[in-house]
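These notes concern the structure reproduced below.
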Amino acid sequence: MTDLLPFVADLPLVDHHCHGVVTRDLTRADFEAMLTEADAPSPLGTSLFDSLIGLAVRERCAPVLDLPKHAPPDVYLERRAALGAAEVARRFLRATGTTDFLLDGGFLPDSLTTTREFAELAGTRAHDVVRLEQVAEAVIQRTTAHGFAAAFADELGKRAAAAVGLKSIAAYRVGLELAGEQPSPSEVEAAAGRWLARIEAGEAVRLADEVLHRHLVFTGLDLGLPVQFHVGYGDSDVDLHRCDPLLLTGLLRATRDRGVPILLLHNYPFHRHAAYLAQVFAHVFVDAGLITHNAGFRAPAVLAELLELAPFGKVLFSTDAFGPAELYHLGTALFRQGLSDFVRAALAADAMSEKDAVRLCALVGHENAKRIYRLEHV
């Protein structure tokens with residue numbers, strides 16, 4: 001680890017994709033479970049502290065709680081419990097140097113802070129991103145197959161009025177191989193009818209239909225708000241081979257003239273594929289969220305690979321933090337480390353001037369996000 005370049009250490013950040021923070025006290029099992037995307041927190045009886053993210057917590061988070069680096073797990077968790085979850089959240093969120101957090105509140109909302117509660121803890125601005133599937137799953141329970149499209153558009157319009165962006169989790173449900181054509185009204189009605197039939201047969205209200213996921217995306221694009229896509233790495237519900245962003249190529253070609261930004265989130269292990277798409281499609285933007293804190297001290301290598309091809313004007317910062325406040329701090333600290341290391345290497349190679357380095361870091365850290373999500377107007 002090298003010292004951060006001063007203009008990276010002080011860089012204001014916009015976290016363009018994250019979730020709420022948990023403010024209840026956590027047992028060791030609870031805490032470890034939230035450090036991983038796995039179903040079981042401690043595989044075969046071992047500990048998640050014996051992983052790169054666990055080591056990163058002890059290295060980078062312990063000092064924020066007034067502990068020495070590499071404090072033992074039990075000591076760390078005892079200190080965390082003594083401070084209380086709310087104080088821990090305040091410390092970590094306010095240490096990030098983030099001016100704006102963009103929250104997807106669509107996953108397990110009852111266990112996390114609301115956007116307003118999050119903003120109070122962080123002492124800064126927080127904005128809503130609306131999950132398309134959550135809206136559709138609420139609407140389908142009070143409409144008919146024929147009325148679904150209109151009811152969804154109406155409800156999405158209401159929720160989007162107070163939001164800065166939209167998000168699709170098609171990757172989790174049907175994969176990313178979405179056709180480029182907007183579904184016809186008859187196709188949407190037929191698909192909604194199939195969905196309602198499954199619900200009436202006792203299946204869970206869970207959208208998993210390529211036609212309807214595509215319909216949600218095109219309806220969202222009609223509103224003109226940026227549309228985020230989960231891509232790549234996630235929990236065990238994901239079939240990772242169906243989450244390669246290259247599968248979206250047809251949809252990206254079909255939407256490139258709409259003037260609406262499409263954000264590819266996370267992307268690992270397909271981050272180089274995402275970087276290619278960001279280079280060749282003017283409306284496509286990328287980040288390296290989620291893997292940043294999971295990769296620990298190796299995170300700078302992943303960010304460097306993303307920046308091999310993606311222009312600086314197409315890369316955003318995100319943590320995709322969910323639950324423990326440590327993940328917001330880790331995602332931010334490791335992103336700063338990666339950006340600083342990358343730029344330092346470029347400066348050493350005389351590949352850019354320091355003036356260019358300052359400008360390009362600002363693009364990635366906050367300017368791209370402010371422009372794309374129109375945060376200056378919120």
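Ordered as shown in the structure tokens, chains take letters A, B, and onward, while each chain numbers its residues from 1 and ligands are numbered from 1 in the order shown.
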Skipping near chain neighbours, those fewer than 5 positions away, what residues fall within 9 Å of region 94-109 of chain A using only C-alpha atoms, listed as a VMD selection string? chain A and resid 9 to 20 64 89 114 to 115 118 to 119 121 to 134 164 to 167 318 320 328 to 333 366 375
Members of region 108-167 of chain A assigned strand (DSSP E or B) by DSSP, as a ChimeraX atom specification: /A:125-131,163-167
Go ahead and write the residues just picked, all heavy atoms, as a PDB file, in the first residue's frame.
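again12.pdb, written as the output of this step:
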```
ATOM      1  N   ARG A 125     -26.210  14.227   1.620  1.00  0.00           N
ATOM      2  CA  ARG A 125     -27.389  13.966   0.791  1.00  0.00           C
ATOM      3  C   ARG A 125     -27.487  12.483   0.413  1.00  0.00           C
ATOM      4  O   ARG A 125     -26.480  11.819   0.163  1.00  0.00           O
ATOM      5  CB  ARG A 125     -27.341  14.807  -0.476  1.00  0.00           C
ATOM      6  CG  ARG A 125     -27.240  16.296  -0.201  1.00  0.00           C
ATOM      7  CD  ARG A 125     -27.695  17.127  -1.379  1.00  0.00           C
ATOM      8  NE  ARG A 125     -27.099  16.779  -2.644  1.00  0.00           N
ATOM      9  CZ  ARG A 125     -27.509  17.261  -3.825  1.00  0.00           C
ATOM     10  NH1 ARG A 125     -28.532  18.104  -3.870  1.00  0.00           N
ATOM     11  NH2 ARG A 125     -26.905  16.929  -4.953  1.00  0.00           N
ATOM     12  N   ALA A 126     -28.722  11.989   0.348  1.00  0.00           N
ATOM     13  CA  ALA A 126     -29.001  10.643  -0.148  1.00  0.00           C
ATOM     14  C   ALA A 126     -30.210  10.716  -1.072  1.00  0.00           C
ATOM     15  O   ALA A 126     -31.145  11.485  -0.821  1.00  0.00           O
ATOM     16  CB  ALA A 126     -29.258   9.678   1.001  1.00  0.00           C
ATOM     17  N   HIS A 127     -30.170   9.936  -2.136  1.00  0.00           N
ATOM     18  CA  HIS A 127     -31.194   9.985  -3.179  1.00  0.00           C
ATOM     19  C   HIS A 127     -31.695   8.579  -3.475  1.00  0.00           C
ATOM     20  O   HIS A 127     -30.967   7.600  -3.316  1.00  0.00           O
ATOM     21  CB  HIS A 127     -30.624  10.589  -4.457  1.00  0.00           C
ATOM     22  CG  HIS A 127     -29.810  11.825  -4.255  1.00  0.00           C
ATOM     23  ND1 HIS A 127     -30.367  13.077  -4.182  1.00  0.00           N
ATOM     24  CD2 HIS A 127     -28.469  11.998  -4.086  1.00  0.00           C
ATOM     25  CE1 HIS A 127     -29.409  13.980  -3.998  1.00  0.00           C
ATOM     26  NE2 HIS A 127     -28.249  13.347  -3.933  1.00  0.00           N
ATOM     27  N   ASP A 128     -32.922   8.499  -3.954  1.00  0.00           N
ATOM     28  CA  ASP A 128     -33.535   7.207  -4.263  1.00  0.00           C
ATOM     29  C   ASP A 128     -33.259   6.776  -5.697  1.00  0.00           C
ATOM     30  O   ASP A 128     -33.317   7.588  -6.635  1.00  0.00           O
ATOM     31  CB  ASP A 128     -35.053   7.273  -4.068  1.00  0.00           C
ATOM     32  CG  ASP A 128     -35.442   7.305  -2.603  1.00  0.00           C
ATOM     33  OD1 ASP A 128     -34.878   6.510  -1.821  1.00  0.00           O
ATOM     34  OD2 ASP A 128     -36.309   8.128  -2.235  1.00  0.00           O
ATOM     35  N   VAL A 129     -32.994   5.484  -5.857  1.00  0.00           N
ATOM     36  CA  VAL A 129     -33.007   4.809  -7.154  1.00  0.00           C
ATOM     37  C   VAL A 129     -34.106   3.742  -7.065  1.00  0.00           C
ATOM     38  O   VAL A 129     -34.123   2.944  -6.131  1.00  0.00           O
ATOM     39  CB  VAL A 129     -31.647   4.169  -7.464  1.00  0.00           C
ATOM     40  CG1 VAL A 129     -31.730   3.313  -8.725  1.00  0.00           C
ATOM     41  CG2 VAL A 129     -30.576   5.241  -7.625  1.00  0.00           C
ATOM     42  N   VAL A 130     -35.015   3.736  -8.023  1.00  0.00           N
ATOM     43  CA  VAL A 130     -36.179   2.861  -7.975  1.00  0.00           C
ATOM     44  C   VAL A 130     -35.881   1.547  -8.682  1.00  0.00           C
ATOM     45  O   VAL A 130     -35.468   1.535  -9.849  1.00  0.00           O
ATOM     46  CB  VAL A 130     -37.403   3.540  -8.633  1.00  0.00           C
ATOM     47  CG1 VAL A 130     -38.591   2.575  -8.677  1.00  0.00           C
ATOM     48  CG2 VAL A 130     -37.771   4.810  -7.888  1.00  0.00           C
ATOM     49  N   ARG A 131     -36.118   0.447  -7.980  1.00  0.00           N
ATOM     50  CA  ARG A 131     -35.931  -0.876  -8.575  1.00  0.00           C
ATOM     51  C   ARG A 131     -37.182  -1.230  -9.387  1.00  0.00           C
ATOM     52  O   ARG A 131     -38.289  -1.332  -8.850  1.00  0.00           O
ATOM     53  CB  ARG A 131     -35.675  -1.920  -7.489  1.00  0.00           C
ATOM     54  CG  ARG A 131     -35.339  -3.285  -8.037  1.00  0.00           C
ATOM     55  CD  ARG A 131     -35.009  -4.290  -6.951  1.00  0.00           C
ATOM     56  NE  ARG A 131     -33.739  -4.029  -6.308  1.00  0.00           N
ATOM     57  CZ  ARG A 131     -33.007  -4.978  -5.715  1.00  0.00           C
ATOM     58  NH1 ARG A 131     -33.440  -6.236  -5.710  1.00  0.00           N
ATOM     59  NH2 ARG A 131     -31.859  -4.675  -5.139  1.00  0.00           N
ATOM     60  N   ALA A 163     -37.079  10.325  -7.609  1.00  0.00           N
ATOM     61  CA  ALA A 163     -35.857   9.522  -7.718  1.00  0.00           C
ATOM     62  C   ALA A 163     -34.900  10.130  -8.733  1.00  0.00           C
ATOM     63  O   ALA A 163     -35.282  10.977  -9.542  1.00  0.00           O
ATOM     64  CB  ALA A 163     -36.211   8.091  -8.131  1.00  0.00           C
ATOM     65  N   VAL A 164     -33.644   9.672  -8.686  1.00  0.00           N
ATOM     66  CA  VAL A 164     -32.644  10.151  -9.642  1.00  0.00           C
ATOM     67  C   VAL A 164     -32.288   9.093 -10.672  1.00  0.00           C
ATOM     68  O   VAL A 164     -31.569   9.365 -11.638  1.00  0.00           O
ATOM     69  CB  VAL A 164     -31.364  10.613  -8.928  1.00  0.00           C
ATOM     70  CG1 VAL A 164     -31.654  11.800  -8.023  1.00  0.00           C
ATOM     71  CG2 VAL A 164     -30.702   9.475  -8.148  1.00  0.00           C
ATOM     72  N   GLY A 165     -32.770   7.857 -10.485  1.00  0.00           N
ATOM     73  CA  GLY A 165     -32.457   6.804 -11.436  1.00  0.00           C
ATOM     74  C   GLY A 165     -33.325   5.584 -11.206  1.00  0.00           C
ATOM     75  O   GLY A 165     -34.107   5.513 -10.244  1.00  0.00           O
ATOM     76  N   LEU A 166     -33.196   4.609 -12.115  1.00  0.00           N
ATOM     77  CA  LEU A 166     -33.939   3.360 -12.067  1.00  0.00           C
ATOM     78  C   LEU A 166     -32.950   2.206 -12.130  1.00  0.00           C
ATOM     79  O   LEU A 166     -31.816   2.376 -12.580  1.00  0.00           O
ATOM     80  CB  LEU A 166     -34.920   3.272 -13.239  1.00  0.00           C
ATOM     81  CG  LEU A 166     -35.832   4.480 -13.456  1.00  0.00           C
ATOM     82  CD1 LEU A 166     -36.589   4.341 -14.773  1.00  0.00           C
ATOM     83  CD2 LEU A 166     -36.807   4.637 -12.291  1.00  0.00           C
ATOM     84  N   LYS A 167     -33.401   1.021 -11.708  1.00  0.00           N
ATOM     85  CA  LYS A 167     -32.504  -0.138 -11.716  1.00  0.00           C
ATOM     86  C   LYS A 167     -33.249  -1.400 -12.135  1.00  0.00           C
ATOM     87  O   LYS A 167     -34.376  -1.633 -11.697  1.00  0.00           O
ATOM     88  CB  LYS A 167     -31.887  -0.352 -10.336  1.00  0.00           C
ATOM     89  CG  LYS A 167     -30.918  -1.536 -10.291  1.00  0.00           C
ATOM     90  CD  LYS A 167     -30.446  -1.830  -8.887  1.00  0.00           C
ATOM     91  CE  LYS A 167     -29.568  -3.076  -8.862  1.00  0.00           C
ATOM     92  NZ  LYS A 167     -29.202  -3.472  -7.483  1.00  0.00           N
TER      93      LYS A 167
END
```
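When only C-alpha atoms are used to compute distances to Arg298 (chain A), the closest of the residues A:Glu87, A:Asp222, A:Asp341, A:Asp39 turns out to be A:Asp341.
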Just want the 12 Å neighbourhood of Tyr268 (chain A), counted on only C-alpha atoms, with same-chain residues fewer than 2 positions away dropped. Output as number ranges by chain. A: 230-234, 240-241, 243-245, 264-266, 270-275, 286-292, 294-295, 299, 301-303, 305-306
Store the residues of this selection in a file with N, CA and C atoms, as a compact mmCIF listing (two decimals), in the first residue's frame.
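Just written: out.txt:
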```txt
# COMPACT_ATOMS: atom_id res chain seq x y z
N HIS A 230 -27.83 -4.51 -12.82
CA HIS A 230 -26.90 -5.39 -12.12
C HIS A 230 -26.19 -6.24 -13.17
N VAL A 231 -24.87 -6.34 -13.03
CA VAL A 231 -24.04 -7.13 -13.95
C VAL A 231 -23.04 -7.94 -13.14
N GLY A 232 -22.83 -9.19 -13.51
CA GLY A 232 -21.76 -9.98 -12.93
C GLY A 232 -22.05 -10.45 -11.52
N TYR A 233 -21.00 -10.40 -10.72
CA TYR A 233 -20.94 -10.96 -9.37
C TYR A 233 -22.11 -10.54 -8.50
N GLY A 234 -22.66 -11.53 -7.79
CA GLY A 234 -23.74 -11.28 -6.85
C GLY A 234 -23.89 -12.49 -5.94
N LEU A 240 -24.11 -16.92 -12.93
CA LEU A 240 -23.10 -15.95 -13.34
C LEU A 240 -22.85 -15.96 -14.84
N HIS A 241 -22.96 -17.12 -15.47
CA HIS A 241 -22.69 -17.17 -16.91
C HIS A 241 -23.72 -16.39 -17.71
N CYS A 243 -24.73 -13.42 -16.73
CA CYS A 243 -24.60 -12.04 -16.25
C CYS A 243 -23.45 -11.30 -16.92
N ASP A 244 -22.97 -11.79 -18.03
CA ASP A 244 -21.93 -11.12 -18.81
C ASP A 244 -22.57 -9.93 -19.53
N PRO A 245 -22.05 -8.72 -19.37
CA PRO A 245 -22.69 -7.56 -20.01
C PRO A 245 -22.67 -7.62 -21.53
N LEU A 264 -23.78 0.13 -16.07
CA LEU A 264 -23.47 -1.27 -15.79
C LEU A 264 -22.79 -1.34 -14.42
N LEU A 265 -23.46 -1.98 -13.46
CA LEU A 265 -23.00 -2.00 -12.08
C LEU A 265 -22.15 -3.24 -11.80
N HIS A 266 -21.17 -3.08 -10.96
CA HIS A 266 -20.34 -4.17 -10.41
C HIS A 266 -19.39 -4.73 -11.46
N PHE A 270 -16.52 -9.67 -15.22
CA PHE A 270 -16.65 -9.23 -16.61
C PHE A 270 -16.31 -7.74 -16.77
N HIS A 271 -15.49 -7.21 -15.86
CA HIS A 271 -15.25 -5.77 -15.87
C HIS A 271 -14.53 -5.32 -17.14
N ARG A 272 -13.71 -6.17 -17.73
CA ARG A 272 -13.07 -5.79 -18.98
C ARG A 272 -14.09 -5.77 -20.13
N HIS A 273 -15.05 -6.68 -20.09
CA HIS A 273 -16.12 -6.66 -21.09
C HIS A 273 -16.94 -5.37 -20.94
N ALA A 274 -17.23 -5.01 -19.71
CA ALA A 274 -18.00 -3.78 -19.47
C ALA A 274 -17.23 -2.56 -19.93
N ALA A 275 -15.91 -2.56 -19.71
CA ALA A 275 -15.09 -1.44 -20.15
C ALA A 275 -15.16 -1.28 -21.67
N VAL A 286 -19.80 2.62 -16.50
CA VAL A 286 -19.43 1.43 -15.72
C VAL A 286 -18.88 1.81 -14.34
N ASP A 287 -18.87 0.82 -13.45
CA ASP A 287 -18.16 0.96 -12.18
C ASP A 287 -17.58 -0.39 -11.78
N ALA A 288 -16.91 -0.42 -10.64
CA ALA A 288 -16.34 -1.66 -10.11
C ALA A 288 -16.82 -1.87 -8.67
N GLY A 289 -18.08 -1.51 -8.41
CA GLY A 289 -18.62 -1.66 -7.07
C GLY A 289 -18.73 -3.11 -6.66
N LEU A 290 -18.93 -3.35 -5.40
CA LEU A 290 -19.09 -4.65 -4.77
C LEU A 290 -17.77 -5.43 -4.68
N ILE A 291 -17.09 -5.62 -5.81
CA ILE A 291 -15.82 -6.34 -5.75
C ILE A 291 -14.78 -5.53 -5.00
N THR A 292 -14.93 -4.20 -4.97
CA THR A 292 -13.90 -3.35 -4.37
C THR A 292 -13.64 -3.73 -2.92
N ASN A 294 -14.80 -6.49 -1.42
CA ASN A 294 -14.58 -7.93 -1.30
C ASN A 294 -13.15 -8.33 -1.63
N ALA A 295 -12.51 -7.61 -2.53
CA ALA A 295 -11.16 -7.97 -2.95
C ALA A 295 -10.08 -7.46 -2.01
N ALA A 299 -8.07 -4.95 -4.62
CA ALA A 299 -9.03 -4.12 -5.34
C ALA A 299 -8.38 -3.17 -6.34
N ALA A 301 -6.02 -3.64 -8.34
CA ALA A 301 -5.75 -4.35 -9.60
C ALA A 301 -7.01 -4.43 -10.46
N VAL A 302 -8.16 -4.64 -9.84
CA VAL A 302 -9.41 -4.73 -10.59
C VAL A 302 -9.76 -3.37 -11.20
N LEU A 303 -9.62 -2.31 -10.42
CA LEU A 303 -9.91 -0.98 -10.93
C LEU A 303 -8.98 -0.64 -12.09
N GLU A 305 -7.71 -2.68 -14.22
CA GLU A 305 -8.16 -3.43 -15.40
C GLU A 305 -9.38 -2.77 -16.03
N LEU A 306 -10.27 -2.23 -15.21
CA LEU A 306 -11.43 -1.51 -15.76
C LEU A 306 -10.98 -0.28 -16.54
```
Contacts of Val358 (chain A) at 8 Å or less, counting only C-alpha atoms, minus same-chain residues fewer than 3 places along, as a PyMOL selection string? chain A and resi 7-8+354-355+361-362
I need the residues of region 155-374 of chain A that end up classed as helix (DSSP H, G or I) by DSSP on the backbone, written out as number ranges by chain. A: 155-160, 170-173, 185-200, 210-223, 240-242, 245-255, 271-280, 291-294, 296-306, 312-314, 326-348, 354-372
Between A:Leu347, A:Leu316, A:Leu77, A:Leu216, which has the minimum distance to Leu5 (chain A) (counting only C-alpha atoms)?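 Looking only at the distances to Leu5 (chain A), the closest residue turns out to be A:Leu347.
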From the list A:Arg90, A:Arg24, A:His293, A:Arg253, which residue is nearest Ala56 (chain A) when using only C-alpha atoms?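 Among the listed residues, A:His293 lies closest to Ala56 (chain A).
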Polymer residues at most 10 Å from Ala81 (chain A), only C-alpha atoms, same-chain spacing of 6 or more positions, as a VMD selection string: chain A and resid 25 to 27 75 87 to 88
Could you write out the selected residues, including all heavy atoms, as a PDB file, in the first residue's frame?
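Wrote out_6.pdb, looks like this:
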```pdb
ATOM      1  N   ASP A  25     -27.789  -3.905  16.538  1.00  0.00           N
ATOM      2  CA  ASP A  25     -26.558  -4.545  16.986  1.00  0.00           C
ATOM      3  C   ASP A  25     -26.435  -5.921  16.344  1.00  0.00           C
ATOM      4  O   ASP A  25     -27.431  -6.643  16.179  1.00  0.00           O
ATOM      5  CB  ASP A  25     -26.544  -4.658  18.513  1.00  0.00           C
ATOM      6  CG  ASP A  25     -26.440  -3.292  19.180  1.00  0.00           C
ATOM      7  OD1 ASP A  25     -25.795  -2.405  18.599  1.00  0.00           O
ATOM      8  OD2 ASP A  25     -27.012  -3.124  20.279  1.00  0.00           O
ATOM      9  N   LEU A  26     -25.208  -6.293  15.980  1.00  0.00           N
ATOM     10  CA  LEU A  26     -24.962  -7.532  15.246  1.00  0.00           C
ATOM     11  C   LEU A  26     -24.140  -8.496  16.084  1.00  0.00           C
ATOM     12  O   LEU A  26     -23.150  -8.108  16.705  1.00  0.00           O
ATOM     13  CB  LEU A  26     -24.212  -7.234  13.944  1.00  0.00           C
ATOM     14  CG  LEU A  26     -24.901  -6.302  12.942  1.00  0.00           C
ATOM     15  CD1 LEU A  26     -23.972  -6.023  11.772  1.00  0.00           C
ATOM     16  CD2 LEU A  26     -26.211  -6.905  12.453  1.00  0.00           C
ATOM     17  N   THR A  27     -24.546  -9.757  16.072  1.00  0.00           N
ATOM     18  CA  THR A  27     -23.699 -10.802  16.634  1.00  0.00           C
ATOM     19  C   THR A  27     -22.536 -11.059  15.674  1.00  0.00           C
ATOM     20  O   THR A  27     -22.527 -10.584  14.531  1.00  0.00           O
ATOM     21  CB  THR A  27     -24.485 -12.105  16.811  1.00  0.00           C
ATOM     22  OG1 THR A  27     -24.863 -12.596  15.506  1.00  0.00           O
ATOM     23  CG2 THR A  27     -25.746 -11.877  17.641  1.00  0.00           C
ATOM     24  N   VAL A  75     -11.776  -8.578  19.521  1.00  0.00           N
ATOM     25  CA  VAL A  75     -11.563  -7.231  20.043  1.00  0.00           C
ATOM     26  C   VAL A  75     -12.320  -6.216  19.190  1.00  0.00           C
ATOM     27  O   VAL A  75     -12.961  -5.294  19.709  1.00  0.00           O
ATOM     28  CB  VAL A  75     -10.057  -6.899  20.081  1.00  0.00           C
ATOM     29  CG1 VAL A  75      -9.825  -5.428  20.440  1.00  0.00           C
ATOM     30  CG2 VAL A  75      -9.334  -7.817  21.061  1.00  0.00           C
ATOM     31  N   GLU A  87     -23.760   4.692  16.261  1.00  0.00           N
ATOM     32  CA  GLU A  87     -22.509   5.452  16.308  1.00  0.00           C
ATOM     33  C   GLU A  87     -21.498   4.888  15.308  1.00  0.00           C
ATOM     34  O   GLU A  87     -20.770   5.649  14.650  1.00  0.00           O
ATOM     35  CB  GLU A  87     -21.930   5.427  17.720  1.00  0.00           C
ATOM     36  CG  GLU A  87     -20.536   6.040  17.849  1.00  0.00           C
ATOM     37  CD  GLU A  87     -20.465   7.510  17.470  1.00  0.00           C
ATOM     38  OE1 GLU A  87     -21.525   8.184  17.408  1.00  0.00           O
ATOM     39  OE2 GLU A  87     -19.341   8.002  17.232  1.00  0.00           O
ATOM     40  N   VAL A  88     -21.443   3.579  15.188  1.00  0.00           N
ATOM     41  CA  VAL A  88     -20.561   2.956  14.201  1.00  0.00           C
ATOM     42  C   VAL A  88     -20.925   3.421  12.800  1.00  0.00           C
ATOM     43  O   VAL A  88     -20.054   3.776  11.990  1.00  0.00           O
ATOM     44  CB  VAL A  88     -20.638   1.419  14.308  1.00  0.00           C
ATOM     45  CG1 VAL A  88     -19.963   0.749  13.112  1.00  0.00           C
ATOM     46  CG2 VAL A  88     -19.991   0.947  15.609  1.00  0.00           C
TER      47      VAL A  88
END
```
In terms of only C-alpha atoms, the residue from A:Val21, A:Leu248, A:Ala310, A:Ala282 at minimal distance from Leu327 (chain A) is A:Val21
